[in-house]
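The next block is data_2.cif, given as mmCIF, C-alpha atoms (C1' of nucleotides).
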```
data_query
#
loop_
_atom_site.label_atom_id
_atom_site.label_comp_id
_atom_site.auth_asym_id
_atom_site.auth_seq_id
_atom_site.Cartn_x
_atom_site.Cartn_y
_atom_site.Cartn_z
CA MET A 955 -14.76 -17.98 1.89
CA LYS A 956 -12.33 -15.69 3.66
CA ILE A 957 -10.83 -13.03 1.38
CA ALA A 958 -8.21 -10.57 2.63
CA THR A 959 -6.37 -7.51 1.36
CA PHE A 960 -2.94 -6.64 2.74
CA ASN A 961 -0.46 -3.94 1.71
CA ILE A 962 2.73 -5.70 2.78
CA ASN A 963 5.23 -2.90 1.96
CA GLY A 964 7.77 -5.18 0.30
CA ILE A 965 7.65 -8.96 -0.06
CA LYS A 966 11.31 -9.39 0.91
CA ALA A 967 10.86 -7.38 4.09
CA ARG A 968 7.77 -9.43 5.01
CA ALA A 969 9.29 -12.89 4.45
CA GLU A 970 8.56 -13.80 8.08
CA ALA A 971 5.56 -11.68 9.04
CA LEU A 972 3.43 -12.57 6.01
CA PRO A 973 3.63 -16.40 6.35
CA ARG A 974 3.02 -16.03 10.08
CA TRP A 975 -0.19 -14.12 9.44
CA LEU A 976 -1.28 -16.58 6.71
CA ASP A 977 -0.86 -19.52 9.08
CA GLU A 978 -2.83 -17.73 11.81
CA ALA A 979 -5.61 -16.19 9.73
CA GLN A 980 -6.00 -18.98 7.16
CA PRO A 981 -7.48 -16.82 4.39
CA ASP A 982 -8.67 -18.57 1.23
CA VAL A 983 -7.79 -15.63 -1.00
CA VAL A 984 -5.35 -12.75 -0.40
CA LEU A 985 -4.91 -9.59 -2.46
CA LEU A 986 -1.41 -8.21 -1.88
CA GLN A 987 -0.20 -4.69 -2.62
CA GLU A 988 3.27 -3.14 -2.73
CA ILE A 989 5.10 -6.39 -3.34
CA LYS A 990 7.96 -4.19 -4.66
CA SER A 991 9.25 -7.08 -6.73
CA ILE A 992 9.41 -8.20 -10.31
CA ASP A 993 7.43 -11.37 -11.07
CA GLU A 994 10.60 -13.47 -11.45
CA ASN A 995 11.79 -12.63 -7.93
CA PHE A 996 8.47 -13.17 -6.14
CA PRO A 997 8.86 -16.09 -3.68
CA ARG A 998 6.01 -18.18 -5.10
CA GLU A 999 7.14 -21.34 -3.29
CA MET A 1000 6.51 -19.74 0.11
CA PHE A 1001 2.82 -19.65 -0.81
CA GLU A 1002 2.53 -22.69 -3.05
CA GLU A 1003 3.77 -24.91 -0.22
CA ARG A 1004 0.83 -23.57 1.80
CA GLY A 1005 -1.60 -24.54 -0.93
CA TYR A 1006 -2.03 -21.21 -2.70
CA ASN A 1007 -2.15 -20.53 -6.40
CA VAL A 1008 -0.09 -17.42 -7.10
CA GLU A 1009 -0.62 -14.69 -9.70
CA THR A 1010 1.58 -11.60 -9.71
CA HIS A 1011 1.77 -8.28 -11.49
CA GLY A 1012 5.07 -6.85 -10.35
CA GLN A 1013 7.57 -4.17 -11.25
CA LYS A 1014 11.03 -3.30 -10.03
CA SER A 1015 11.30 -1.47 -6.68
CA PHE A 1016 7.84 0.04 -6.52
CA ASN A 1017 4.17 -0.87 -6.48
CA GLY A 1018 3.27 -4.42 -7.55
CA VAL A 1019 0.16 -6.45 -6.75
CA ALA A 1020 -0.55 -10.17 -6.42
CA ILE A 1021 -3.30 -12.69 -5.74
CA LEU A 1022 -2.95 -15.80 -3.58
CA SER A 1023 -5.83 -18.28 -3.76
CA LYS A 1024 -6.44 -21.76 -2.42
CA LEU A 1025 -9.22 -22.06 -5.00
CA PRO A 1026 -8.56 -22.12 -8.75
CA LEU A 1027 -8.11 -18.78 -10.53
CA GLU A 1028 -9.25 -18.16 -14.09
CA ASP A 1029 -9.15 -15.29 -16.59
CA VAL A 1030 -6.33 -13.39 -14.91
CA SER A 1031 -5.90 -9.84 -16.19
CA ARG A 1032 -3.12 -7.40 -15.33
CA GLY A 1033 -3.20 -3.61 -15.46
CA LEU A 1034 -6.11 -1.19 -15.13
CA PRO A 1035 -7.63 -0.54 -18.56
CA GLY A 1036 -7.84 2.93 -20.04
CA ASP A 1037 -4.23 4.07 -20.51
CA GLU A 1038 -1.80 2.06 -22.62
CA ASP A 1039 1.08 4.27 -21.46
CA ASP A 1040 0.57 3.59 -17.74
CA LYS A 1041 3.29 1.10 -16.79
CA GLN A 1042 2.74 1.18 -13.02
CA ALA A 1043 1.74 -2.23 -11.62
CA ARG A 1044 -1.31 -1.35 -9.55
CA TRP A 1045 -4.11 -3.64 -10.72
CA ILE A 1046 -4.76 -7.38 -11.09
CA GLU A 1047 -8.02 -9.25 -11.42
CA ALA A 1048 -9.14 -12.86 -11.69
CA THR A 1049 -12.14 -15.11 -11.26
CA VAL A 1050 -12.18 -17.37 -8.19
CA ILE A 1051 -13.97 -20.63 -8.84
CA GLY A 1052 -15.92 -21.60 -5.70
CA LYS A 1053 -19.54 -22.71 -5.30
CA GLN A 1054 -20.16 -19.89 -7.72
CA ALA A 1055 -17.73 -17.67 -9.57
CA LEU A 1056 -16.47 -14.47 -7.94
CA ARG A 1057 -14.59 -11.78 -9.87
CA ILE A 1058 -11.89 -10.25 -7.65
CA CYS A 1059 -9.89 -7.12 -8.40
CA GLY A 1060 -6.81 -6.21 -6.37
CA LEU A 1061 -5.70 -2.59 -6.52
CA TYR A 1062 -3.03 -0.23 -5.24
CA LEU A 1063 -4.41 3.24 -5.85
CA PRO A 1064 -1.82 6.03 -6.27
CA ASN A 1065 -0.94 8.05 -3.19
CA GLY A 1066 -1.17 11.37 -5.03
CA ASN A 1067 0.97 13.62 -2.87
CA PRO A 1068 2.02 16.35 -3.12
CA VAL A 1069 -1.13 18.37 -3.86
CA PRO A 1070 -1.30 19.99 -6.31
CA GLY A 1071 1.02 18.40 -8.83
CA PRO A 1072 1.45 15.68 -11.45
CA LYS A 1073 1.17 12.88 -8.89
CA TYR A 1074 -2.20 14.19 -7.75
CA ASP A 1075 -3.33 14.53 -11.36
CA TYR A 1076 -2.27 10.90 -11.92
CA LYS A 1077 -4.26 9.79 -8.86
CA LEU A 1078 -7.45 11.46 -10.05
CA ALA A 1079 -7.00 10.20 -13.61
CA TRP A 1080 -6.42 6.68 -12.26
CA MET A 1081 -9.62 6.95 -10.23
CA GLU A 1082 -11.55 7.93 -13.35
CA ARG A 1083 -10.26 4.77 -15.04
CA LEU A 1084 -11.23 2.83 -11.90
CA TYR A 1085 -14.73 4.29 -12.18
CA GLN A 1086 -15.03 2.99 -15.74
CA ARG A 1087 -13.95 -0.51 -14.70
CA ALA A 1088 -16.29 -0.35 -11.68
CA ARG A 1089 -19.19 0.61 -13.93
CA ASP A 1090 -18.58 -2.42 -16.14
CA LEU A 1091 -18.37 -4.72 -13.11
CA MET A 1092 -21.65 -3.34 -11.81
CA ALA A 1093 -23.31 -3.78 -15.19
CA ALA A 1094 -22.42 -7.48 -15.19
CA GLU A 1095 -24.76 -7.99 -12.19
CA GLU A 1096 -22.57 -10.74 -10.75
CA PRO A 1097 -20.69 -11.28 -7.48
CA ALA A 1098 -17.55 -9.15 -7.74
CA LEU A 1099 -15.32 -7.06 -5.52
CA MET A 1100 -12.55 -4.49 -5.76
CA ALA A 1101 -10.22 -4.46 -2.77
CA GLY A 1102 -6.87 -3.07 -1.80
CA ASP A 1103 -5.01 0.01 -0.68
CA TYR A 1104 -7.25 2.83 -1.95
CA ASN A 1105 -5.15 5.59 -0.36
CA ILE A 1106 -8.46 7.26 0.47
CA ILE A 1107 -9.70 8.28 3.92
CA PRO A 1108 -13.45 8.19 3.23
CA GLN A 1109 -14.67 10.22 6.23
CA ALA A 1110 -13.25 12.24 9.13
CA GLU A 1111 -14.04 9.36 11.50
CA ASP A 1112 -11.58 7.23 9.48
CA ALA A 1113 -8.61 9.24 10.79
CA ALA A 1114 -7.47 9.70 14.39
CA ARG A 1115 -6.49 13.31 13.57
CA PRO A 1116 -8.55 14.34 10.53
CA ASP A 1117 -7.34 17.94 10.70
CA ALA A 1118 -3.79 16.74 10.00
CA TRP A 1119 -5.02 15.25 6.69
CA ARG A 1120 -7.22 18.09 5.39
CA GLU A 1121 -4.85 19.09 2.59
CA ASP A 1122 -3.46 15.62 1.95
CA ALA A 1123 -4.16 13.71 -1.27
CA LEU A 1124 -5.72 10.93 0.82
CA PHE A 1125 -8.40 13.22 2.22
CA ARG A 1126 -8.78 16.10 -0.24
CA PRO A 1127 -12.38 16.73 -1.32
CA GLU A 1128 -11.59 15.76 -4.93
CA SER A 1129 -10.15 12.41 -3.83
CA ARG A 1130 -13.09 11.61 -1.58
CA ALA A 1131 -15.56 12.71 -4.25
CA ALA A 1132 -13.96 10.35 -6.76
CA PHE A 1133 -14.28 7.53 -4.23
CA ARG A 1134 -17.92 8.39 -3.52
CA LYS A 1135 -18.65 8.52 -7.23
CA ILE A 1136 -17.58 4.88 -7.44
CA LEU A 1137 -19.57 3.93 -4.35
CA ASN A 1138 -22.59 5.66 -5.84
CA LEU A 1139 -22.63 3.12 -8.67
CA GLY A 1140 -24.08 0.83 -6.01
CA PHE A 1141 -21.05 -0.68 -4.30
CA THR A 1142 -21.09 -1.62 -0.62
CA GLU A 1143 -18.04 -0.54 1.39
CA ALA A 1144 -17.81 -3.74 3.39
CA PHE A 1145 -16.33 -2.51 6.66
CA ARG A 1146 -18.72 0.42 7.06
CA ALA A 1147 -21.68 -1.79 6.23
CA ARG A 1148 -21.02 -3.63 9.48
CA THR A 1149 -19.14 -1.29 11.85
CA ARG A 1150 -19.76 2.36 12.66
CA GLY A 1151 -17.89 4.93 14.73
CA PRO A 1152 -14.30 6.19 14.99
CA GLY A 1153 -11.16 4.36 15.99
CA HIS A 1154 -10.97 1.75 13.21
CA TYR A 1155 -7.78 2.03 11.17
CA SER A 1156 -5.76 -0.02 8.69
CA PHE A 1157 -2.55 2.05 8.51
CA TRP A 1158 -0.25 3.52 11.14
CA ASP A 1159 2.87 5.42 10.12
CA TYR A 1160 6.20 3.97 11.23
CA GLN A 1161 7.13 7.40 12.55
CA ALA A 1162 6.46 9.16 15.83
CA GLY A 1163 5.00 6.14 17.61
CA ALA A 1164 1.80 6.27 15.57
CA TRP A 1165 0.83 2.68 16.46
CA ASN A 1166 1.34 3.16 20.19
CA LYS A 1167 -0.81 6.30 20.08
CA ASN A 1168 -3.36 4.65 17.77
CA ASP A 1169 -2.76 7.56 15.40
CA GLY A 1170 -4.02 5.73 12.34
CA ILE A 1171 -6.12 6.07 9.21
CA ARG A 1172 -8.47 3.66 7.42
CA ILE A 1173 -7.44 3.48 3.76
CA ASP A 1174 -7.68 -0.23 2.86
CA HIS A 1175 -11.16 -1.08 1.62
CA PHE A 1176 -13.44 -3.73 0.12
CA LEU A 1177 -16.04 -2.57 -2.41
CA LEU A 1178 -18.69 -5.20 -3.18
CA THR A 1179 -21.25 -5.42 -5.94
CA PRO A 1180 -24.79 -6.03 -4.61
CA GLN A 1181 -24.52 -9.70 -5.61
CA ALA A 1182 -21.36 -10.01 -3.48
CA ALA A 1183 -22.67 -7.86 -0.62
CA ASP A 1184 -25.62 -10.21 -0.24
CA LEU A 1185 -23.13 -13.01 0.52
CA MET A 1186 -21.18 -11.12 3.23
CA ARG A 1187 -21.09 -12.71 6.67
CA ASP A 1188 -18.31 -10.68 8.27
CA CYS A 1189 -15.68 -7.98 7.72
CA GLN A 1190 -12.83 -7.28 10.13
CA ILE A 1191 -9.51 -5.45 10.39
CA ASP A 1192 -6.63 -7.52 11.82
CA ALA A 1193 -5.22 -4.51 13.68
CA ALA A 1194 -3.15 -6.62 16.09
CA VAL A 1195 -0.85 -7.56 13.21
CA ARG A 1196 0.59 -4.03 13.41
CA GLY A 1197 2.06 -4.94 16.80
CA HIS A 1198 3.88 -8.05 15.57
CA GLU A 1199 7.60 -8.33 14.79
CA LYS A 1200 8.78 -6.31 11.78
CA PRO A 1201 5.30 -5.33 10.62
CA SER A 1202 4.09 -3.62 7.48
CA ASP A 1203 2.68 -0.15 8.10
CA HIS A 1204 -0.69 -1.52 6.89
CA VAL A 1205 -2.64 -4.42 8.42
CA PRO A 1206 -4.89 -7.01 6.74
CA VAL A 1207 -8.58 -6.35 6.20
CA TRP A 1208 -10.77 -9.36 5.43
CA ILE A 1209 -14.31 -10.37 4.57
CA ASP A 1210 -16.12 -13.67 4.90
CA LEU A 1211 -18.47 -14.49 2.02
CA ASP A 1212 -21.03 -17.31 1.99
CA LEU A 1213 -19.56 -18.68 -1.17
"C1'" DA B 1007 5.01 18.30 10.96
"C1'" DT B 1008 9.15 21.22 5.88
"C1'" DG B 1009 8.16 13.60 7.50
"C1'" DC B 1010 10.40 11.83 13.56
"C1'" DC B 1011 10.76 5.53 9.98
"C1'" DT B 1012 11.13 1.99 6.65
"C1'" DC B 1013 11.15 0.38 2.18
"C1'" DC B 1014 13.61 -0.02 -2.30
"C1'" DC B 1015 17.80 0.38 -5.11
"C1'" DC B 1016 22.63 -1.81 -3.94
"C1'" DG B 1017 26.86 -1.44 -1.41
"C1'" DA B 1018 26.15 5.49 -0.53
"C1'" DG B 1019 22.60 8.04 0.06
"C1'" DG B 1020 18.40 9.39 -2.42
"C1'" DG B 1021 13.45 8.62 -3.85
"C1'" DA B 1022 9.06 7.09 -2.26
"C1'" DG B 1023 5.63 6.27 0.88
"C1'" DA B 1024 1.13 8.37 3.50
#
```

Show me the file's structure as structure tokens.
Amino acid sequence: MKIATFNINGIKARAEALPRWLDEAQPDVVLLQEIKSIDENFPREMFEERGYNVETHGQKSFNGVAILSKLPLEDVSRGLPGDEDDKQARWIEATVIGKQALRICGLYLPNGNPVPGPKYDYKLAWMERLYQRARDLMAAEEPALMAGDYNIIPQAEDAARPDAWREDALFRPESRAAFRKILNLGFTEAFRARTRGPGHYSFWDYQAGAWNKNDGIRIDHFLLTPQAADLMRDCQIDAAVRGHEKPSDHVPVWIDLDL
DNA sequence: ATGCCTCCCCGAGGGAGA
């Protein structure tokens, strides 16, 4: 089962590039971030005609997450628990019914800049809520994953120019510590379980020719429970997608599970 | 790099992103 995460930076703006990638990559499940659309305006038909079930958690203009799945989805839940007042659409989860059930969580973690400030406070508070949800997932001792745009550069090797990110919310020690705290529950970061060394990125800024200089950062991640990690056959970044027509600034990351 | 693009809103130009 091929499962991908892709921050598309606007569903309307990706009306050509996203179907093109779907037809090429043929993922079974896709977690989308930054759909920037309310549920009513999401072009479900574009995906349903390709055989996907569609579940969205959108909001106007900003954020918004969705799940596409060729397999049935059950028990869909929207919004990260822990703060009734948080209206930002950054979390959706569902159970994929394959040979065995897999709980999948799609997330768009807050950017957090500038540091310090209320946006950074919101990022860290959101990560504490994520930790609580992660702890419950781990306690269930079942195949599960949390994937999406984490807006976290885990290590210096995950940035082409780490010194340029030292004071950024994506790389600040507090942000990385919060990410490690979640990993330390026992999650496997899928890409780093299989590939080591620098030069592997999932985001390149639109500005200053970042793609042509390979001036990127790796901020889109898969976190797997042990029961899911044991099923992993592969994990790759579709970096070439960044060079296609009218690309998102992120590219897809995918895993293959024996499931 | 105090943001060089690109997205959204809509129908100008500002907020947000990372």

For chain A, which residues have at least one atom within 10 Å of chain B, if we go by all atoms listed in the file? Write them as a ChimeraX atom specification, please.
/A:963-964,966-967,988,990-991,1014-1016,1065-1067,1105,1118-1119,1122-1124,1157-1163,1171,1173,1202-1203

Taking into account all atoms listed in the file, which residue in the set A:Ala958, A:Ile1107, A:Leu1034, A:Leu1027 is nearest to Ala979 of chain A?
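Looking only at the distances to Ala979 of chain A, the closest residue turns out to be A:Ala958.
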
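These residues, each with an atom at most 12 Å from (-17.9, -13.0, 8.0) using all atoms listed in the file, are Met955, Lys956, Ile957, Ala958, Pro981, Ala1144, Phe1145, Ala1147, Arg1148, Ala1183, Asp1184, Leu1185, Met1186, Arg1187, Asp1188, Cys1189, Gln1190, Ile1191, Val1207, Trp1208, Ile1209, Asp1210, Leu1211, Asp1212 and Leu1213 of chain A.
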
Would you mind reading off the distance between atom CA of Ile1046 of chain A and atom CA of Gly1060 of chain A, one decimal, in Å?
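Separation between atom CA of Ile1046 of chain A and atom CA of Gly1060 of chain A: 5.3 Å.
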
Output check: residues returned by the PyMOL selection byres ((chain A and resi 1069-1084) around 10), as a VMD selection string
chain A and resid 1034 to 1037 1040 1044 to 1045 1061 1063 to 1068 1085 to 1090 1100 1104 to 1105 1121 to 1124 1126 1128 to 1129 1132 to 1133 1135 to 1136

Selection: 12 Å around His1011 of chain A, all atoms listed in the file, excl. self and same-chain fewer than 3 positions, as a CSV table (one decimal) with C-alpha atoms, keeping the file's coordinate frame:
```csv
chain,number,residue,atom,x,y,z
A,985,LEU,CA,-4.9,-9.6,-2.5
A,986,LEU,CA,-1.4,-8.2,-1.9
A,987,GLN,CA,-0.2,-4.7,-2.6
A,988,GLU,CA,3.3,-3.1,-2.7
A,989,ILE,CA,5.1,-6.4,-3.3
A,990,LYS,CA,8.0,-4.2,-4.7
A,991,SER,CA,9.2,-7.1,-6.7
A,992,ILE,CA,9.4,-8.2,-10.3
A,993,ASP,CA,7.4,-11.4,-11.1
A,994,GLU,CA,10.6,-13.5,-11.4
A,995,ASN,CA,11.8,-12.6,-7.9
A,996,PHE,CA,8.5,-13.2,-6.1
A,1008,VAL,CA,-0.1,-17.4,-7.1
A,1014,LYS,CA,11.0,-3.3,-10.0
A,1016,PHE,CA,7.8,0.0,-6.5
A,1017,ASN,CA,4.2,-0.9,-6.5
A,1018,GLY,CA,3.3,-4.4,-7.6
A,1019,VAL,CA,0.2,-6.4,-6.8
A,1020,ALA,CA,-0.6,-10.2,-6.4
A,1021,ILE,CA,-3.3,-12.7,-5.7
A,1022,LEU,CA,-3.0,-15.8,-3.6
A,1030,VAL,CA,-6.3,-13.4,-14.9
A,1031,SER,CA,-5.9,-9.8,-16.2
A,1032,ARG,CA,-3.1,-7.4,-15.3
A,1033,GLY,CA,-3.2,-3.6,-15.5
A,1034,LEU,CA,-6.1,-1.2,-15.1
A,1041,LYS,CA,3.3,1.1,-16.8
A,1042,GLN,CA,2.7,1.2,-13.0
A,1043,ALA,CA,1.7,-2.2,-11.6
A,1044,ARG,CA,-1.3,-1.4,-9.6
A,1045,TRP,CA,-4.1,-3.6,-10.7
A,1046,ILE,CA,-4.8,-7.4,-11.1
A,1047,GLU,CA,-8.0,-9.2,-11.4
A,1048,ALA,CA,-9.1,-12.9,-11.7
A,1060,GLY,CA,-6.8,-6.2,-6.4
A,1061,LEU,CA,-5.7,-2.6,-6.5
A,1062,TYR,CA,-3.0,-0.2,-5.2
```

I'd like to see the residues matched by the PyMOL selection byres ((chain A and resi 1006) around 12) on this file, and ideally I'd get them as a list in words.
Pro973, Leu976, Asp977, Gln980, Pro981, Asp982, Val983, Val984, Leu985, Arg998, Glu999, Met1000, Phe1001, Glu1002, Glu1003, Arg1004, Gly1005, Asn1007, Val1008, Glu1009, Ala1020, Ile1021, Leu1022, Ser1023, Lys1024, Leu1025, Pro1026 and Leu1027 of chain A

Using C-alpha atoms, can you write the selected residues to a file as a PDB file, keeping the file's coordinate frame?
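Result file out_38.pdb:
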```
ATOM      1  CA  PRO A 973       3.630 -16.400   6.350  1.00  0.00           C
ATOM      2  CA  LEU A 976      -1.280 -16.580   6.710  1.00  0.00           C
ATOM      3  CA  ASP A 977      -0.860 -19.520   9.080  1.00  0.00           C
ATOM      4  CA  GLN A 980      -6.000 -18.980   7.160  1.00  0.00           C
ATOM      5  CA  PRO A 981      -7.480 -16.820   4.390  1.00  0.00           C
ATOM      6  CA  ASP A 982      -8.670 -18.570   1.230  1.00  0.00           C
ATOM      7  CA  VAL A 983      -7.790 -15.630  -1.000  1.00  0.00           C
ATOM      8  CA  VAL A 984      -5.350 -12.750  -0.400  1.00  0.00           C
ATOM      9  CA  LEU A 985      -4.910  -9.590  -2.460  1.00  0.00           C
ATOM     10  CA  ARG A 998       6.010 -18.180  -5.100  1.00  0.00           C
ATOM     11  CA  GLU A 999       7.140 -21.340  -3.290  1.00  0.00           C
ATOM     12  CA  MET A1000       6.510 -19.740   0.110  1.00  0.00           C
ATOM     13  CA  PHE A1001       2.820 -19.650  -0.810  1.00  0.00           C
ATOM     14  CA  GLU A1002       2.530 -22.690  -3.050  1.00  0.00           C
ATOM     15  CA  GLU A1003       3.770 -24.910  -0.220  1.00  0.00           C
ATOM     16  CA  ARG A1004       0.830 -23.570   1.800  1.00  0.00           C
ATOM     17  CA  GLY A1005      -1.600 -24.540  -0.930  1.00  0.00           C
ATOM     18  CA  ASN A1007      -2.150 -20.530  -6.400  1.00  0.00           C
ATOM     19  CA  VAL A1008      -0.090 -17.420  -7.100  1.00  0.00           C
ATOM     20  CA  GLU A1009      -0.620 -14.690  -9.700  1.00  0.00           C
ATOM     21  CA  ALA A1020      -0.550 -10.170  -6.420  1.00  0.00           C
ATOM     22  CA  ILE A1021      -3.300 -12.690  -5.740  1.00  0.00           C
ATOM     23  CA  LEU A1022      -2.950 -15.800  -3.580  1.00  0.00           C
ATOM     24  CA  SER A1023      -5.830 -18.280  -3.760  1.00  0.00           C
ATOM     25  CA  LYS A1024      -6.440 -21.760  -2.420  1.00  0.00           C
ATOM     26  CA  LEU A1025      -9.220 -22.060  -5.000  1.00  0.00           C
ATOM     27  CA  PRO A1026      -8.560 -22.120  -8.750  1.00  0.00           C
ATOM     28  CA  LEU A1027      -8.110 -18.780 -10.530  1.00  0.00           C
TER      29      LEU A1027
END
```

Work out how far atom CA of Asn961 of chain A is from atom CA of Pro1097 of chain A, in Å to one decimal.
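It comes out at 23.4 Å.
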
Pull out every residue that the PyMOL selection byres ((chain A and resi 1140) around 10) matches in the shown coordinates and put them as number ranges by chain.
A: 1088-1089, 1092, 1135-1139, 1141-1143, 1177-1180

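Distances here use all atoms listed in the file; by that measure, the residue among A:Leu1099, A:Ala1055, A:Ala1131, A:Ala1110 closest to Tyr1155 of chain A is A:Ala1110.
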
Provide the atom CA of Ala969 of chain A to atom CA of Ala1098 of chain A distance in Å, to one decimal place.
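Distance between the two atoms: 29.7 Å.
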
Point (-4.8, -5.6, 11.4), cut-off 8 Å, counting all atoms listed in the file, residues as a CSV table (one decimal) with C-alpha atoms, keeping the file's coordinate frame:
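Contents of point.csv, freshly written:
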```csv
chain,number,residue,atom,x,y,z
A,1156,SER,CA,-5.8,0.0,8.7
A,1191,ILE,CA,-9.5,-5.4,10.4
A,1192,ASP,CA,-6.6,-7.5,11.8
A,1193,ALA,CA,-5.2,-4.5,13.7
A,1194,ALA,CA,-3.2,-6.6,16.1
A,1195,VAL,CA,-0.8,-7.6,13.2
A,1196,ARG,CA,0.6,-4.0,13.4
A,1204,HIS,CA,-0.7,-1.5,6.9
A,1205,VAL,CA,-2.6,-4.4,8.4
A,1206,PRO,CA,-4.9,-7.0,6.7
A,1207,VAL,CA,-8.6,-6.4,6.2
```

Where atoms are absent from segment 1004-1016 of chain A, fill them in so it carries N, CA and C atoms, then output it as a compact mmCIF listing (two decimals), in the frame of the given file.
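The resulting file, result.txt, is shown below:
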```
# COMPACT_ATOMS: atom_id res chain seq x y z
N ARG A 1004 1.99 -23.70 0.90
CA ARG A 1004 0.83 -23.57 1.80
C ARG A 1004 -0.49 -23.79 1.07
N GLY A 1005 -0.39 -24.18 -0.19
CA GLY A 1005 -1.60 -24.54 -0.93
C GLY A 1005 -2.22 -23.43 -1.75
N TYR A 1006 -1.49 -22.33 -1.93
CA TYR A 1006 -2.03 -21.21 -2.70
C TYR A 1006 -1.58 -21.24 -4.16
N ASN A 1007 -2.51 -20.94 -5.04
CA ASN A 1007 -2.15 -20.53 -6.40
C ASN A 1007 -1.68 -19.08 -6.35
N VAL A 1008 -0.72 -18.74 -7.18
CA VAL A 1008 -0.09 -17.42 -7.10
C VAL A 1008 -0.13 -16.74 -8.47
N GLU A 1009 -0.66 -15.52 -8.49
CA GLU A 1009 -0.62 -14.69 -9.70
C GLU A 1009 -0.06 -13.33 -9.32
N THR A 1010 0.95 -12.87 -10.05
CA THR A 1010 1.58 -11.60 -9.71
C THR A 1010 1.51 -10.61 -10.87
N HIS A 1011 1.58 -9.35 -10.52
CA HIS A 1011 1.77 -8.28 -11.49
C HIS A 1011 2.75 -7.31 -10.85
N GLY A 1012 4.04 -7.58 -11.06
CA GLY A 1012 5.07 -6.85 -10.35
C GLY A 1012 5.80 -5.84 -11.21
N GLN A 1013 6.63 -5.05 -10.56
CA GLN A 1013 7.57 -4.17 -11.25
C GLN A 1013 8.74 -3.96 -10.30
N LYS A 1014 9.84 -3.46 -10.83
CA LYS A 1014 11.03 -3.30 -10.03
C LYS A 1014 10.86 -2.18 -9.00
N SER A 1015 11.19 -2.46 -7.76
CA SER A 1015 11.30 -1.47 -6.68
C SER A 1015 10.00 -0.95 -6.11
N PHE A 1016 9.03 -0.67 -6.98
CA PHE A 1016 7.84 0.04 -6.52
C PHE A 1016 6.56 -0.72 -6.87
```
